[in-house]
$ cat model10.csv   # CSV, C-alpha atoms
chain,number,residue,atom,x,y,z
A,26,MET,CA,-4.3,8.6,-10.1
A,27,ALA,CA,-4.8,12.2,-11.0
A,28,ARG,CA,-7.3,13.0,-13.7
A,29,VAL,CA,-5.0,13.8,-16.6
A,30,ALA,CA,-5.7,13.5,-20.3
A,31,GLN,CA,-2.9,11.7,-22.0
A,32,PHE,CA,-2.3,11.0,-25.6
A,33,ASP,CA,0.2,9.0,-27.6
A,34,PRO,CA,2.1,11.5,-29.8
A,35,HIS,CA,2.9,8.6,-32.2
A,36,PRO,CA,-0.2,6.5,-32.4
A,37,VAL,CA,0.7,4.9,-35.7
A,38,GLN,CA,3.9,3.1,-36.4
A,39,GLY,CA,5.9,4.5,-39.2
A,40,ALA,CA,4.1,7.9,-39.3
A,41,ALA,CA,6.0,10.5,-41.2
A,42,THR,CA,8.4,12.4,-38.9
A,43,GLN,CA,10.8,15.1,-39.9
A,44,SER,CA,13.9,16.1,-38.0
A,45,PRO,CA,14.4,19.8,-37.6
A,46,LEU,CA,17.7,19.4,-39.5
A,47,HIS,CA,16.3,17.4,-42.4
A,48,HIS,CA,17.3,20.0,-44.9
A,49,ARG,CA,21.1,19.8,-44.2
A,50,ALA,CA,23.1,17.4,-46.2
A,51,ALA,CA,26.1,15.6,-44.7
A,52,SER,CA,29.4,17.4,-44.9
A,53,LYS,CA,32.6,15.4,-45.0
A,54,PRO,CA,35.9,17.1,-44.8
A,55,SER,CA,38.5,16.5,-47.5
A,56,GLY,CA,41.3,15.9,-45.0
A,57,ASP,CA,41.5,14.5,-41.5
A,58,SER,CA,38.4,14.7,-39.3
A,59,ARG,CA,39.0,15.3,-35.7
A,60,VAL,CA,35.4,16.3,-34.8
A,61,THR,CA,32.3,14.4,-35.5
A,62,LEU,CA,28.7,15.7,-35.3
A,63,VAL,CA,25.6,13.6,-35.6
A,64,GLU,CA,21.9,14.3,-34.8
A,65,LEU,CA,20.3,11.7,-32.6
A,66,ALA,CA,16.8,12.5,-33.9
A,67,PHE,CA,13.4,11.3,-32.8
A,68,LEU,CA,14.3,10.4,-29.3
A,69,ASP,CA,11.6,10.9,-26.7
A,70,HIS,CA,12.2,13.8,-24.4
A,71,LEU,CA,10.2,14.2,-21.2
A,72,VAL,CA,10.3,16.9,-18.5
A,73,LEU,CA,9.6,15.7,-15.0
A,74,ARG,CA,8.7,18.2,-12.3
A,75,GLY,CA,8.0,17.7,-8.7
A,76,GLU,CA,9.6,17.5,-5.3
A,77,PRO,CA,12.6,15.1,-5.4
A,78,GLN,CA,11.6,13.1,-2.3
A,79,GLY,CA,8.2,12.4,-3.9
A,80,LEU,CA,9.6,11.4,-7.3
A,81,ALA,CA,12.8,9.4,-6.4
A,82,ALA,CA,11.2,6.1,-5.5
A,83,SER,CA,8.9,5.9,-8.5
A,84,VAL,CA,11.6,7.0,-10.9
A,85,GLN,CA,13.9,4.3,-9.6
A,86,ALA,CA,11.1,1.7,-9.8
A,87,VAL,CA,9.9,2.6,-13.3
A,88,LEU,CA,13.0,3.8,-15.1
A,89,GLY,CA,15.7,2.0,-13.1
A,90,LEU,CA,17.5,5.3,-12.8
A,91,GLU,CA,18.5,7.1,-9.7
A,92,LEU,CA,17.0,10.6,-9.6
A,93,PRO,CA,19.9,13.0,-9.6
A,94,VAL,CA,19.4,15.5,-6.8
A,95,GLU,CA,22.8,17.1,-6.8
A,96,PRO,CA,22.9,20.1,-9.2
A,97,GLN,CA,24.3,19.5,-12.7
A,98,ARG,CA,24.2,15.7,-12.4
A,99,LEU,CA,23.4,13.4,-15.4
A,100,VAL,CA,22.6,9.8,-14.9
A,101,ILE,CA,22.7,7.4,-17.8
A,102,GLY,CA,21.2,3.9,-17.7
A,103,GLU,CA,19.7,1.3,-19.9
A,104,THR,CA,16.4,3.1,-20.1
A,105,GLY,CA,17.9,6.4,-21.2
A,106,SER,CA,19.3,9.4,-19.5
A,107,LEU,CA,18.0,11.6,-16.7
A,108,GLN,CA,19.4,15.0,-16.0
A,109,TRP,CA,19.0,17.6,-13.3
A,110,LEU,CA,17.8,20.8,-14.8
A,111,SER,CA,16.7,22.7,-11.7
A,112,PRO,CA,15.9,21.7,-8.1
A,113,ASP,CA,12.5,20.4,-9.1
A,114,GLU,CA,12.9,19.7,-12.8
A,115,TRP,CA,14.6,16.8,-14.7
A,116,LEU,CA,15.0,16.0,-18.4
A,117,LEU,CA,14.5,12.4,-19.3
A,118,ILE,CA,15.6,11.2,-22.7
A,119,VAL,CA,14.6,7.7,-23.8
A,120,ALA,CA,14.5,5.7,-27.0
A,121,ALA,CA,12.0,6.7,-29.7
A,122,GLY,CA,8.5,5.4,-28.9
A,123,GLU,CA,9.2,4.6,-25.3
A,124,GLY,CA,8.1,8.0,-23.9
A,125,PHE,CA,4.4,7.4,-23.8
A,126,ARG,CA,4.7,4.0,-22.2
A,127,LEU,CA,7.1,5.2,-19.5
A,128,GLN,CA,4.9,8.3,-18.9
A,129,ARG,CA,1.9,6.2,-18.2
A,130,GLU,CA,3.8,3.9,-15.9
A,131,LEU,CA,5.3,6.9,-14.1
A,132,ARG,CA,1.9,8.4,-13.7
A,133,GLU,CA,0.5,5.2,-12.3
A,134,ALA,CA,3.4,4.8,-9.9
A,135,LEU,CA,3.2,8.4,-8.7
A,136,GLY,CA,-0.5,8.3,-8.1
A,137,ASP,CA,-1.9,11.3,-6.4
A,138,SER,CA,1.3,13.1,-5.5
A,139,HIS,CA,2.0,16.5,-6.9
A,140,PHE,CA,4.1,16.3,-10.1
A,141,SER,CA,4.0,17.0,-13.8
A,142,ILE,CA,5.3,15.1,-16.8
A,143,VAL,CA,5.4,16.9,-20.1
A,144,ASP,CA,6.5,15.4,-23.5
A,145,VAL,CA,8.8,17.9,-25.1
A,146,SER,CA,10.1,15.7,-27.9
A,147,GLY,CA,8.8,17.9,-30.6
A,148,GLY,CA,10.4,21.0,-29.2
A,149,GLN,CA,14.0,20.0,-29.0
A,150,THR,CA,16.6,17.7,-30.5
A,151,LEU,CA,19.8,16.1,-29.5
A,152,LEU,CA,23.2,16.6,-31.2
A,153,GLU,CA,26.2,14.5,-30.4
A,154,LEU,CA,29.6,16.1,-30.8
A,155,GLY,CA,32.6,13.8,-30.6
A,156,GLY,CA,36.3,13.6,-31.4
A,157,GLU,CA,39.5,14.8,-29.9
A,158,ARG,CA,38.8,18.5,-30.8
A,159,ALA,CA,35.2,18.5,-29.8
A,160,ILE,CA,36.1,20.3,-26.6
A,161,ASP,CA,37.8,23.1,-28.7
A,162,VAL,CA,34.6,23.6,-30.7
A,163,LEU,CA,32.7,23.9,-27.4
A,164,MET,CA,35.2,26.3,-25.9
A,165,LYS,CA,34.5,28.6,-28.9
A,166,SER,CA,30.8,28.3,-28.5
A,167,THR,CA,29.9,28.6,-24.8
A,168,VAL,CA,30.7,30.8,-21.9
A,169,TYR,CA,30.6,27.8,-19.6
A,170,ASP,CA,33.9,26.2,-18.5
A,171,VAL,CA,34.1,22.9,-20.3
A,172,ASP,CA,37.6,22.1,-19.1
A,173,PRO,CA,37.7,18.4,-18.0
A,174,ARG,CA,38.7,19.6,-14.5
A,175,ALA,CA,35.5,21.5,-14.2
A,176,PHE,CA,33.3,19.3,-16.4
A,177,PRO,CA,33.6,15.6,-15.6
A,178,ILE,CA,31.7,12.9,-17.4
A,179,GLY,CA,28.2,12.7,-16.1
A,180,LYS,CA,27.8,16.5,-15.8
A,181,GLY,CA,25.2,18.5,-17.7
A,182,VAL,CA,24.5,22.2,-17.6
A,183,THR,CA,22.1,24.6,-19.3
A,184,SER,CA,24.0,27.6,-20.6
A,185,VAL,CA,24.6,30.0,-23.3
A,186,PHE,CA,25.6,28.4,-26.6
A,187,ALA,CA,26.6,30.6,-29.5
A,188,LYS,CA,23.9,33.3,-29.3
A,189,ALA,CA,21.2,30.8,-28.3
A,190,THR,CA,21.0,28.4,-25.4
A,191,ALA,CA,21.6,24.7,-25.1
A,192,VAL,CA,21.9,21.9,-22.6
A,193,ILE,CA,25.5,20.7,-22.7
A,194,ARG,CA,26.2,17.2,-21.4
A,195,ARG,CA,29.4,15.2,-21.2
A,196,VAL,CA,28.6,11.6,-21.8
A,197,GLY,CA,32.1,10.2,-22.5
A,198,GLU,CA,35.8,11.1,-22.5
A,199,GLU,CA,35.4,12.8,-25.9
A,200,ARG,CA,31.7,12.7,-26.4
A,201,TRP,CA,29.3,15.6,-25.7
A,202,GLU,CA,25.6,16.0,-26.2
A,203,LEU,CA,23.8,19.2,-26.9
A,204,VAL,CA,20.1,19.5,-26.4
A,205,VAL,CA,19.0,22.4,-28.6
A,206,ARG,CA,15.6,24.0,-29.2
A,207,ARG,CA,14.0,22.9,-32.5
A,208,SER,CA,13.7,26.4,-33.8
A,209,PHE,CA,17.4,27.0,-33.0
A,210,ALA,CA,18.6,23.7,-34.3
A,211,ASP,CA,19.5,25.0,-37.8
A,212,TYR,CA,21.3,28.0,-36.3
A,213,CYS,CA,23.2,25.8,-33.8
A,214,LEU,CA,24.2,23.3,-36.5
A,215,ARG,CA,25.4,26.0,-38.9
A,216,TRP,CA,27.4,27.5,-36.0
A,217,LEU,CA,28.9,24.1,-35.2
A,218,LEU,CA,29.8,23.4,-38.8
A,219,ASP,CA,31.5,26.8,-39.0
A,220,ALA,CA,33.3,26.5,-35.6
A,221,GLY,CA,34.4,22.9,-36.5
A,222,GLU,CA,35.6,23.7,-40.0
A,223,GLU,CA,39.3,24.1,-38.9
A,224,TYR,CA,39.2,20.6,-37.2
A,225,GLY,CA,37.6,19.0,-40.3
A,226,ILE,CA,34.1,18.5,-38.8
A,227,ASP,CA,32.4,15.4,-40.1
A,228,TYR,CA,28.6,15.9,-40.0
A,229,ARG,CA,26.2,13.1,-40.7
A,230,PRO,CA,22.5,13.9,-40.7
A,231,ALA,CA,19.9,12.3,-38.4
A,232,LYS,CA,20.8,8.9,-37.3
A,233,VAL,CA,17.3,7.5,-37.1
A,234,ALA,CA,17.1,5.7,-33.8
A,235,ALA,CA,15.8,2.2,-34.3
A,236,THR,CA,12.2,2.2,-33.4
A,237,THR,CA,11.3,-0.6,-31.1
A,238,PRO,CA,8.1,-2.5,-32.0
A,239,ARG,CA,5.4,-1.4,-29.6
A,240,ALA,CA,2.2,-2.9,-28.4
A,241,ALA,CA,-0.6,-0.7,-29.7
A,242,VAL,CA,-2.1,1.4,-27.0
A,243,ALA,CA,-5.8,1.4,-27.5
A,244,ASP,CA,-6.9,4.2,-25.3
A,245,THR,CA,-5.3,7.4,-26.4
A,246,GLU,CA,-7.5,9.5,-24.0
A,247,THR,CA,-6.8,8.0,-20.6
A,248,VAL,CA,-8.7,9.5,-17.7
A,249,SER,CA,-8.5,7.3,-14.7
B,24,MET,CA,32.0,40.1,-16.8
B,25,PHE,CA,30.8,39.0,-13.4
B,26,HIS,CA,30.6,35.6,-12.1
B,27,ILE,CA,27.5,35.2,-10.0
B,28,TYR,CA,26.9,32.4,-7.5
B,29,CYS,CA,23.6,30.7,-8.1
B,30,PRO,CA,22.4,29.3,-4.8
B,31,TYR,CA,20.3,26.6,-6.6
B,32,CYS,CA,23.0,25.5,-9.2
B,33,ALA,CA,25.6,25.8,-6.3
B,34,GLU,CA,28.3,27.2,-8.6
B,35,TYR,CA,29.5,30.4,-10.1
B,36,ARG,CA,28.0,31.1,-13.5
B,37,GLU,CA,28.5,33.8,-16.2
B,38,GLU,CA,26.6,37.0,-15.8
B,39,GLU,CA,25.1,36.5,-19.2
B,40,GLU,CA,22.9,33.7,-17.8
B,41,PHE,CA,21.2,36.0,-15.3
B,42,HIS,CA,18.6,38.8,-15.4
B,43,PRO,CA,18.0,41.4,-12.7
B,44,LYS,CA,14.4,41.7,-11.6
B,45,GLY,CA,14.5,44.7,-9.3
B,46,GLN,CA,14.2,45.2,-5.6
B,47,ALA,CA,13.7,42.2,-3.4
B,48,HIS,CA,11.7,41.7,-0.2
B,49,ILE,CA,8.7,43.8,-1.3
B,50,ALA,CA,5.8,42.7,0.9
B,51,ARG,CA,2.3,42.7,-0.7
B,52,PRO,CA,-0.2,44.4,1.6
B,53,ALA,CA,-2.0,41.6,3.4
B,54,ASP,CA,-5.5,43.0,2.6
B,55,PRO,CA,-5.3,45.0,-0.7
B,56,THR,CA,-8.9,46.2,-0.4
B,57,ALA,CA,-8.2,47.7,3.1
B,58,SER,CA,-4.9,49.4,2.1
B,59,SER,CA,-4.9,53.1,1.4
B,60,ASP,CA,-4.1,54.4,-2.1
B,61,ASP,CA,-0.8,55.7,-0.8
B,62,ALA,CA,0.2,52.3,0.6
B,63,TRP,CA,-0.9,50.5,-2.5
B,64,GLY,CA,0.9,53.0,-4.8
B,65,ASP,CA,4.1,52.6,-2.8
B,66,TYR,CA,3.8,48.8,-3.1
B,67,LEU,CA,3.2,48.9,-6.8
B,68,PHE,CA,5.4,51.7,-8.1
B,69,PHE,CA,7.9,53.0,-5.6
B,70,ARG,CA,11.3,51.4,-5.2
B,71,ASP,CA,14.3,52.1,-3.2
B,72,ASN,CA,17.4,53.5,-4.9
B,73,PRO,CA,20.0,53.4,-2.2
B,74,ARG,CA,23.6,54.4,-2.4
B,75,GLY,CA,25.3,51.3,-1.0
B,76,VAL,CA,23.9,48.0,0.0
B,77,HIS,CA,20.9,46.9,-2.0
B,78,HIS,CA,18.9,43.7,-1.9
B,79,GLU,CA,17.8,42.6,-5.4
B,80,LEU,CA,15.8,39.9,-7.0
B,81,TRP,CA,17.6,38.1,-9.9
B,82,VAL,CA,16.7,35.1,-12.1
B,83,HIS,CA,19.0,32.5,-13.5
B,84,ALA,CA,17.3,32.8,-16.8
B,85,VAL,CA,19.6,30.5,-18.8
B,86,GLY,CA,20.2,27.8,-16.3
B,87,CYS,CA,17.9,26.5,-13.6
B,88,ARG,CA,15.4,29.4,-14.2
B,89,LYS,CA,15.0,30.0,-10.5
B,90,PHE,CA,14.6,33.4,-8.8
B,91,PHE,CA,17.0,34.2,-6.0
B,92,ASN,CA,18.3,37.3,-4.1
B,93,ILE,CA,21.5,39.2,-4.4
B,94,THR,CA,22.9,41.7,-1.9
B,95,ARG,CA,24.9,44.2,-4.0
B,96,ASP,CA,26.8,47.4,-3.3
B,97,THR,CA,25.5,50.0,-5.8
B,98,ARG,CA,28.7,52.0,-5.5
B,99,SER,CA,31.2,49.3,-6.3
B,100,TYR,CA,28.9,46.8,-8.0
B,101,ALA,CA,30.4,44.3,-5.6
B,102,ILE,CA,28.1,41.3,-4.9
B,103,LEU,CA,28.2,40.8,-1.2
B,104,GLU,CA,26.1,37.6,-1.0
B,105,THR,CA,23.4,35.6,-2.9
B,106,TYR,CA,20.7,33.6,-1.1
B,107,ARG,CA,17.6,31.6,-1.9
B,108,MET,CA,14.0,32.8,-2.0
B,109,GLY,CA,12.4,33.0,1.4
B,110,GLU,CA,15.7,33.5,3.2
B,111,GLN,CA,16.7,36.7,4.9
B,112,PRO,CA,19.9,38.5,3.9
B,113,GLY,CA,23.0,38.0,6.0
B,114,VAL,CA,24.5,41.3,5.0
B,115,THR,CA,22.4,44.4,5.5
B,116,ALA,CA,23.2,48.2,5.2
B,117,GLU,CA,23.9,48.3,9.0
B,118,THR,CA,26.3,45.3,9.1
B,119,ALA,CA,28.0,46.4,5.9
B,120,THR,CA,28.5,50.0,7.2
B,121,LEU,CA,30.2,48.6,10.3
B,122,ALA,CA,32.5,46.4,8.2
B,123,GLU,CA,33.3,49.3,6.0
B,124,ARG,CA,34.2,51.6,8.9
B,125,ASP,CA,36.6,48.8,9.9
B,126,ILE,CA,38.2,48.8,6.5
B,127,GLU,CA,38.4,52.6,6.4
B,128,ARG,CA,40.0,52.7,9.8
B,129,ARG,CA,42.5,50.1,8.8
B,130,THR,CA,43.4,51.8,5.5
B,131,SER,CA,43.7,55.2,7.1
B,132,ASP,CA,46.1,53.7,9.6
B,133,THR,CA,48.2,52.2,6.8
B,134,ALA,CA,48.0,55.5,5.0
B,135,THR,CA,49.4,57.4,8.1
B,136,ILE,CA,52.2,54.9,8.5
B,137,GLN,CA,53.2,55.1,4.9
B,138,GLY,CA,52.7,58.9,4.9
B,139,VAL,CA,50.3,58.8,1.9
B,140,PRO,CA,47.7,61.5,2.1
B,141,SER,CA,44.3,60.1,1.8
$ encode --input "model10.csv" --output "structure tokens"
Amino acid sequence: MARVAQFDPHPVQGAATQSPLHHRAASKPSGDSRVTLVELAFLDHLVLRGEPQGLAASVQAVLGLELPVEPQRLVIGETGSLQWLSPDEWLLIVAAGEGFRLQRELREALGDSHFSIVDVSGGQTLLELGGERAIDVLMKSTVYDVDPRAFPIGKGVTSVFAKATAVIRRVGEERWELVVRRSFADYCLRWLLDAGEEYGIDYRPAKVAATTPRAAVADTETVS
Amino acid sequence: MFHIYCPYCAEYREEEEFHPKGQAHIARPADPTASSDDAWGDYLFFRDNPRGVHHELWVHAVGCRKFFNITRDTRSYAILETYRMGEQPGVTAETATLAERDIERRTSDTATIQGVPS
């Protein structure tokens, strides 16, 4: 295994964590709500880089997910979701607290091959947009064609969103996910609340993902 | 707005997602210490500014963030082709000129038939 210093970003269970949208209160429309917005905060985001042929087998073995090699593909499984970002770059989103364990297992499985895994959980957050008019909110916000004919379920793109950028993923018939930068999260949320006002957007703040009890990892500085 | 085909994303994307990065296919002198000041200066600072077919380096900045090449006509802004890094252009000034002469000949023929002065 390559000599890489690894550290657990959450060494203590129940350490204080703050969502980038912690300051926004829920907003409930007075009338009908046809768009819902919720932040799926504190998930673990990892960026995997390397040659696809070198990564595919280990990713399948450790994560139980097929490495998407076709552009714009998003694969969702029990472990989490794995998305194609570029020919040699993937975004892996897993449950809170799982990132470090999976990262270690992946590093072990990949051995000496040429790859990189970076924990980017602190740099971005996930917003889930749902409801029958969610697509209309997106159409106002991005230059990308989100029409169902061009954007089937299981597709994800990085594109311009409002005046910032976001990763836009379609996870269900009327469910979309937006991965936004932490520093742009407030701007994107305000934009969405404004754009969704006419559809009675129902925003609920961070749904804290249930933290799975983890076995304490003793060595936080692994060099093997 | 243009729609530009990204050879890595394999689809047409909005121009807003891209940035131009200047002339493509600039070869760095193999041995910088042995190259003359003129050759090094040319490599560092001097760029072509052709009227017509031009090969450019672009980056899909909001997207896959990969660099790739575009062959573009500087007169019409028409994008003739896009291709990956390391590949050679399929359309060059020579082939484009030939194609253009073809088009000109055809249009002038039509013009004569219709009696429209060119």
$ residues_around --input "model10.csv" --residues "range 52-59 of chain A" --least-positions-apart "5" --cutoff "6 Å" --atoms "all atoms listed in the file" --output "PyMOL selection string"
chain A and resi 156-158+224-228
$ closest_residue --input "model10.csv" --among "A:Ala66, A:Ile142, A:Ala210, A:Ile193" --to "Ser44 in chain A" --atoms "all atoms listed in the file"
A:Ala66
$ interface_residues --input "model10.csv" --of "chain B" --to "chain A" --cutoff "10 Å" --atoms "all atoms listed in the file" --output "PDB file with C-alpha atoms, in the coordinates of the input"
ATOM      1  CA  TYR B  31      20.300  26.600  -6.600  1.00  0.00           C
ATOM      2  CA  CYS B  32      23.000  25.500  -9.200  1.00  0.00           C
ATOM      3  CA  ALA B  33      25.600  25.800  -6.300  1.00  0.00           C
ATOM      4  CA  GLU B  34      28.300  27.200  -8.600  1.00  0.00           C
ATOM      5  CA  TYR B  35      29.500  30.400 -10.100  1.00  0.00           C
ATOM      6  CA  ARG B  36      28.000  31.100 -13.500  1.00  0.00           C
ATOM      7  CA  GLU B  37      28.500  33.800 -16.200  1.00  0.00           C
ATOM      8  CA  GLU B  38      26.600  37.000 -15.800  1.00  0.00           C
ATOM      9  CA  GLU B  39      25.100  36.500 -19.200  1.00  0.00           C
ATOM     10  CA  GLU B  40      22.900  33.700 -17.800  1.00  0.00           C
ATOM     11  CA  HIS B  83      19.000  32.500 -13.500  1.00  0.00           C
ATOM     12  CA  ALA B  84      17.300  32.800 -16.800  1.00  0.00           C
ATOM     13  CA  VAL B  85      19.600  30.500 -18.800  1.00  0.00           C
ATOM     14  CA  GLY B  86      20.200  27.800 -16.300  1.00  0.00           C
ATOM     15  CA  CYS B  87      17.900  26.500 -13.600  1.00  0.00           C
ATOM     16  CA  ARG B  88      15.400  29.400 -14.200  1.00  0.00           C
ATOM     17  CA  LYS B  89      15.000  30.000 -10.500  1.00  0.00           C
TER      18      LYS B  89
END
$ closest_residue --input "model10.csv" --among "A:Ala187, A:Leu214, A:Leu73, A:Ile160" --to "Phe140 in chain A" --atoms "all atoms listed in the file"
A:Leu73
$ closest_residue --input "model10.csv" --among "A:Gly122, A:Leu152, A:Met164, A:Val84" --to "Gln38 in chain A" --atoms "all atoms listed in the file"
A:Gly122
$ atom_distance --input "model10.csv" --atom1 "CA of Arg206 in chain A" --atom2 "CA of Thr150 in chain A"
6.5 Å
$ residues_around --input "model10.csv" --residues "Phe67 in chain A" --least-positions-apart "4" --cutoff "12 Å" --atoms "all atoms listed in the file" --output "number ranges by chain"
A: 34-35, 39-47, 118-124, 145-152, 207, 231-236
$ atom_distance --input "model10.csv" --atom1 "CA of Val60 in chain A" --atom2 "CA of Val162 in chain A"
8.4 Å
$ atom_distance --input "model10.csv" --atom1 "CA of Pro73 in chain B" --atom2 "CA of Gln111 in chain B"
18.4 Å
$ residues_around --input "model10.csv" --residues "Arg74 in chain B" --least-positions-apart "3" --cutoff "9 Å" --atoms "all atoms listed in the file" --output "list in words"
His77, Asp96, Thr97 and Arg98 of chain B
